[in-house]
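target_5.pdb (PDB, C-alpha atoms)
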ATOM      1  CA  GLN A   9      65.022 -47.043  38.347  1.00  0.00           C
ATOM      2  CA  LEU A  10      62.348 -44.785  39.822  1.00  0.00           C
ATOM      3  CA  GLN A  11      60.199 -45.811  42.748  1.00  0.00           C
ATOM      4  CA  ALA A  12      57.546 -43.748  44.503  1.00  0.00           C
ATOM      5  CA  PHE A  13      56.976 -44.042  48.247  1.00  0.00           C
ATOM      6  CA  GLY A  14      54.821 -42.457  50.902  1.00  0.00           C
ATOM      7  CA  GLY A  15      51.280 -43.089  49.817  1.00  0.00           C
ATOM      8  CA  GLY A  16      48.560 -44.104  52.216  1.00  0.00           C
ATOM      9  CA  LEU A  17      45.150 -43.323  53.634  1.00  0.00           C
ATOM     10  CA  VAL A  18      44.525 -39.826  54.953  1.00  0.00           C
ATOM     11  CA  GLN A  19      41.453 -37.814  55.884  1.00  0.00           C
ATOM     12  CA  ALA A  20      40.386 -34.824  53.874  1.00  0.00           C
ATOM     13  CA  GLY A  21      42.358 -31.772  54.931  1.00  0.00           C
ATOM     14  CA  GLY A  22      45.358 -33.862  55.890  1.00  0.00           C
ATOM     15  CA  SER A  23      48.861 -34.037  54.457  1.00  0.00           C
ATOM     16  CA  LEU A  24      51.180 -36.579  52.923  1.00  0.00           C
ATOM     17  CA  ARG A  25      54.713 -36.394  51.585  1.00  0.00           C
ATOM     18  CA  LEU A  26      55.625 -38.564  48.627  1.00  0.00           C
ATOM     19  CA  SER A  27      59.174 -39.443  47.670  1.00  0.00           C
ATOM     20  CA  CYS A  28      60.518 -40.649  44.341  1.00  0.00           C
ATOM     21  CA  ALA A  29      63.844 -42.393  44.760  1.00  0.00           C
ATOM     22  CA  ALA A  30      66.051 -42.988  41.761  1.00  0.00           C
ATOM     23  CA  SER A  31      68.591 -45.758  41.480  1.00  0.00           C
ATOM     24  CA  GLY A  32      70.977 -47.086  38.901  1.00  0.00           C
ATOM     25  CA  ARG A  33      71.885 -43.671  37.525  1.00  0.00           C
ATOM     26  CA  THR A  34      71.850 -40.040  38.469  1.00  0.00           C
ATOM     27  CA  PHE A  35      68.911 -37.871  37.455  1.00  0.00           C
ATOM     28  CA  SER A  36      70.534 -34.578  38.405  1.00  0.00           C
ATOM     29  CA  ARG A  37      70.246 -33.326  34.802  1.00  0.00           C
ATOM     30  CA  HIS A  38      66.691 -34.490  34.259  1.00  0.00           C
ATOM     31  CA  TYR A  39      63.430 -32.645  34.482  1.00  0.00           C
ATOM     32  CA  MET A  40      61.316 -34.628  36.947  1.00  0.00           C
ATOM     33  CA  GLY A  41      57.745 -34.607  38.067  1.00  0.00           C
ATOM     34  CA  TRP A  42      54.633 -36.321  39.291  1.00  0.00           C
ATOM     35  CA  PHE A  43      51.561 -37.648  37.547  1.00  0.00           C
ATOM     36  CA  ARG A  44      48.480 -39.321  38.949  1.00  0.00           C
ATOM     37  CA  GLN A  45      45.767 -41.621  37.729  1.00  0.00           C
ATOM     38  CA  ALA A  46      42.463 -42.042  39.498  1.00  0.00           C
ATOM     39  CA  PRO A  47      40.311 -45.141  38.967  1.00  0.00           C
ATOM     40  CA  GLY A  48      38.530 -44.961  35.649  1.00  0.00           C
ATOM     41  CA  LYS A  49      40.273 -41.754  34.644  1.00  0.00           C
ATOM     42  CA  GLU A  50      43.169 -40.821  32.422  1.00  0.00           C
ATOM     43  CA  ARG A  51      46.589 -40.042  33.799  1.00  0.00           C
ATOM     44  CA  GLU A  52      47.082 -36.373  34.577  1.00  0.00           C
ATOM     45  CA  PHE A  53      50.058 -34.165  35.264  1.00  0.00           C
ATOM     46  CA  VAL A  54      50.473 -32.938  38.842  1.00  0.00           C
ATOM     47  CA  ALA A  55      53.786 -31.091  39.200  1.00  0.00           C
ATOM     48  CA  GLY A  56      57.209 -30.749  37.614  1.00  0.00           C
ATOM     49  CA  ILE A  57      60.616 -29.401  38.609  1.00  0.00           C
ATOM     50  CA  SER A  58      63.700 -28.453  36.620  1.00  0.00           C
ATOM     51  CA  TRP A  59      67.019 -30.204  37.150  1.00  0.00           C
ATOM     52  CA  SER A  60      68.328 -27.364  39.307  1.00  0.00           C
ATOM     53  CA  GLY A  61      65.135 -27.077  41.320  1.00  0.00           C
ATOM     54  CA  GLY A  62      64.890 -23.449  40.333  1.00  0.00           C
ATOM     55  CA  SER A  63      61.724 -23.779  38.292  1.00  0.00           C
ATOM     56  CA  THR A  64      58.513 -25.556  39.205  1.00  0.00           C
ATOM     57  CA  TYR A  65      55.236 -26.088  37.397  1.00  0.00           C
ATOM     58  CA  TYR A  66      51.874 -27.196  38.797  1.00  0.00           C
ATOM     59  CA  ALA A  67      48.508 -28.302  37.547  1.00  0.00           C
ATOM     60  CA  ASP A  68      45.821 -25.784  38.422  1.00  0.00           C
ATOM     61  CA  SER A  69      44.031 -28.390  40.525  1.00  0.00           C
ATOM     62  CA  VAL A  70      46.923 -28.643  43.022  1.00  0.00           C
ATOM     63  CA  LYS A  71      48.421 -25.160  42.863  1.00  0.00           C
ATOM     64  CA  GLY A  72      48.742 -23.683  46.351  1.00  0.00           C
ATOM     65  CA  ARG A  73      48.289 -27.059  48.035  1.00  0.00           C
ATOM     66  CA  PHE A  74      51.129 -29.206  46.670  1.00  0.00           C
ATOM     67  CA  THR A  75      54.853 -28.417  46.619  1.00  0.00           C
ATOM     68  CA  ILE A  76      57.435 -30.253  44.557  1.00  0.00           C
ATOM     69  CA  SER A  77      61.116 -30.243  45.508  1.00  0.00           C
ATOM     70  CA  ARG A  78      64.235 -32.259  44.841  1.00  0.00           C
ATOM     71  CA  ASP A  79      67.518 -33.234  46.437  1.00  0.00           C
ATOM     72  CA  ASN A  80      69.991 -34.144  43.726  1.00  0.00           C
ATOM     73  CA  ALA A  81      72.527 -35.368  46.270  1.00  0.00           C
ATOM     74  CA  LYS A  82      69.987 -37.996  47.315  1.00  0.00           C
ATOM     75  CA  ASN A  83      68.677 -38.539  43.785  1.00  0.00           C
ATOM     76  CA  THR A  84      65.177 -37.969  45.133  1.00  0.00           C
ATOM     77  CA  VAL A  85      62.160 -35.856  44.248  1.00  0.00           C
ATOM     78  CA  TYR A  86      59.446 -35.031  46.763  1.00  0.00           C
ATOM     79  CA  LEU A  87      55.807 -34.008  46.612  1.00  0.00           C
ATOM     80  CA  GLN A  88      54.416 -32.380  49.733  1.00  0.00           C
ATOM     81  CA  MET A  89      50.641 -32.583  49.593  1.00  0.00           C
ATOM     82  CA  ASN A  90      48.597 -30.423  51.959  1.00  0.00           C
ATOM     83  CA  SER A  91      44.870 -29.743  52.290  1.00  0.00           C
ATOM     84  CA  LEU A  92      44.136 -33.030  50.580  1.00  0.00           C
ATOM     85  CA  LYS A  93      40.726 -33.581  49.017  1.00  0.00           C
ATOM     86  CA  PRO A  94      38.905 -36.800  48.148  1.00  0.00           C
ATOM     87  CA  GLU A  95      39.404 -35.945  44.464  1.00  0.00           C
ATOM     88  CA  ASP A  96      43.170 -36.225  45.027  1.00  0.00           C
ATOM     89  CA  THR A  97      42.726 -39.982  45.447  1.00  0.00           C
ATOM     90  CA  ALA A  98      44.875 -41.690  42.806  1.00  0.00           C
ATOM     91  CA  VAL A  99      48.005 -43.683  42.106  1.00  0.00           C
ATOM     92  CA  TYR A 100      50.866 -41.187  42.007  1.00  0.00           C
ATOM     93  CA  SER A 101      53.861 -41.909  39.791  1.00  0.00           C
ATOM     94  CA  CYS A 102      57.069 -40.040  39.098  1.00  0.00           C
ATOM     95  CA  ALA A 103      58.779 -39.513  35.782  1.00  0.00           C
ATOM     96  CA  ALA A 104      62.041 -38.103  34.493  1.00  0.00           C
ATOM     97  CA  ASP A 105      63.159 -36.728  31.145  1.00  0.00           C
ATOM     98  CA  SER A 106      66.499 -35.461  29.876  1.00  0.00           C
ATOM     99  CA  GLN A 107      66.460 -31.700  30.170  1.00  0.00           C
ATOM    100  CA  GLY A 108      68.284 -29.817  27.448  1.00  0.00           C
ATOM    101  CA  ALA A 109      68.323 -26.094  26.768  1.00  0.00           C
ATOM    102  CA  GLY A 110      64.856 -24.644  26.260  1.00  0.00           C
ATOM    103  CA  TYR A 111      63.129 -27.687  27.690  1.00  0.00           C
ATOM    104  CA  SER A 112      59.352 -27.394  27.521  1.00  0.00           C
ATOM    105  CA  THR A 113      57.407 -27.949  30.710  1.00  0.00           C
ATOM    106  CA  THR A 114      54.306 -28.235  28.532  1.00  0.00           C
ATOM    107  CA  TYR A 115      55.928 -31.177  26.757  1.00  0.00           C
ATOM    108  CA  PHE A 116      56.677 -32.843  30.087  1.00  0.00           C
ATOM    109  CA  SER A 117      53.152 -32.274  31.365  1.00  0.00           C
ATOM    110  CA  ARG A 118      51.724 -34.241  28.434  1.00  0.00           C
ATOM    111  CA  GLY A 119      53.490 -37.320  29.798  1.00  0.00           C
ATOM    112  CA  SER A 120      54.258 -38.842  26.404  1.00  0.00           C
ATOM    113  CA  GLY A 121      57.694 -39.957  25.362  1.00  0.00           C
ATOM    114  CA  LEU A 122      59.366 -39.326  28.701  1.00  0.00           C
ATOM    115  CA  ASP A 123      62.583 -41.224  29.344  1.00  0.00           C
ATOM    116  CA  TYR A 124      61.771 -42.841  32.678  1.00  0.00           C
ATOM    117  CA  TRP A 125      58.697 -43.793  34.654  1.00  0.00           C
ATOM    118  CA  GLY A 126      58.523 -45.194  38.142  1.00  0.00           C
ATOM    119  CA  LYS A 127      56.109 -47.488  39.887  1.00  0.00           C
ATOM    120  CA  GLY A 128      53.372 -45.569  41.628  1.00  0.00           C
ATOM    121  CA  THR A 129      52.115 -45.265  45.157  1.00  0.00           C
ATOM    122  CA  LEU A 130      48.440 -45.150  46.093  1.00  0.00           C
ATOM    123  CA  VAL A 131      47.041 -42.101  47.865  1.00  0.00           C
ATOM    124  CA  THR A 132      43.523 -42.414  49.274  1.00  0.00           C
ATOM    125  CA  VAL A 133      41.785 -39.386  50.758  1.00  0.00           C
ATOM    126  CA  SER A 134      38.667 -40.102  52.766  1.00  0.00           C
ATOM    127  CA  SER A 135      35.885 -37.568  53.218  1.00  0.00           C
TER     128      SER A 135
END
Reformat the file's structure so that it appears as structure tokens.
Amino acid sequence: QLQAFGGGLVQAGGSLRLSCAASGRTFSRHYMGWFRQAPGKEREFVAGISWSGGSTYYADSVKGRFTISRDNAKNTVYLQMNSLKPEDTAVYSCAADSQGAGYSTTYFSRGSGLDYWGKGTLVTVSS
């Protein structure tokens, strides 16, 4: 129900825009975000966005370089990645979780127990 698109090979300093398209149901009331997993490493949180788009949350490693946004009419979440570094190389996946009152972004960033996960897209940044 979630599928990430837009990965590819880019040189260091370049940009890519990832999309996470949802199908089968609406995710307009879900907290959504991006995670990544580099070869031989554990999955890590990248960015998250509230259902309204009014609140965003970033890992320190991407703050100032990546921007998350969403278009609920298109049931899609985006990740604009600028100033890419070789250490950004990873498979990027999107996730969604029902967002009730007082939803914890810290909980989402842990990546456990989330309602939906999508297939990832590979981003390779060459030096």
Please list as a list in words every residue within 10 Å of Gly15 of chain A, counting all atoms listed in the file and excluding residues in the same chain fewer than 3 positions away. Ala12, Val18, Leu24, Arg25, Leu26, Ser27, Ala98, Val99, Tyr100, Gly128, Thr129, Leu130, Val131 and Thr132 of chain A
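For the set A:Ser112, A:Phe43, A:Lys93, A:Ala81, the residue with the smallest atom-to-atom gap to Ser63 of chain A is A:Ser112, counting all atoms listed in the file.
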Could you give me, as a PyMOL selection string, the residues within 12 Å of Gly61 of chain A, counting all atoms listed in the file and dropping anything in the same chain fewer than 5 positions from it? chain A and resi 36-41+56+75-80+84-86
Skipping near chain neighbours, those fewer than 4 positions away, what residues fall within 12 Å of segment 70-72 of chain A using all atoms listed in the file, listed as a PyMOL selection string? chain A and resi 42-44+52-56+64-66+76+87-93+95-96
How would the residues just chosen look if you wrote them out with C-alpha atoms as a compact mmCIF listing (two decimals), keeping the file's coordinate frame?
# COMPACT_ATOMS: atom_id res chain seq x y z
CA TRP A 42 54.63 -36.32 39.29
CA PHE A 43 51.56 -37.65 37.55
CA ARG A 44 48.48 -39.32 38.95
CA GLU A 52 47.08 -36.37 34.58
CA PHE A 53 50.06 -34.16 35.26
CA VAL A 54 50.47 -32.94 38.84
CA ALA A 55 53.79 -31.09 39.20
CA GLY A 56 57.21 -30.75 37.61
CA THR A 64 58.51 -25.56 39.20
CA TYR A 65 55.24 -26.09 37.40
CA TYR A 66 51.87 -27.20 38.80
CA ILE A 76 57.44 -30.25 44.56
CA LEU A 87 55.81 -34.01 46.61
CA GLN A 88 54.42 -32.38 49.73
CA MET A 89 50.64 -32.58 49.59
CA ASN A 90 48.60 -30.42 51.96
CA SER A 91 44.87 -29.74 52.29
CA LEU A 92 44.14 -33.03 50.58
CA LYS A 93 40.73 -33.58 49.02
CA GLU A 95 39.40 -35.94 44.46
CA ASP A 96 43.17 -36.22 45.03
Any idea what the distance is between atom CA of Asn83 of chain A and atom CA of Pro47 of chain A?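 So the two atoms, atom CA of Asn83 of chain A and atom CA of Pro47 of chain A, lie 29.5 Å apart.
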Suppose you want the space between atom CA of Ser58 of chain A and atom CA of Arg73 of chain A; what is it in Å? 19.2 Å
Using all atoms listed in the file, can you tell me which of A:Ala109, A:Ser135, A:Ser60, A:Arg33 comes closest to Pro94 of chain A?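 Among A:Ala109, A:Ser135, A:Ser60, A:Arg33, it is A:Ser135 that comes nearest to Pro94 of chain A.
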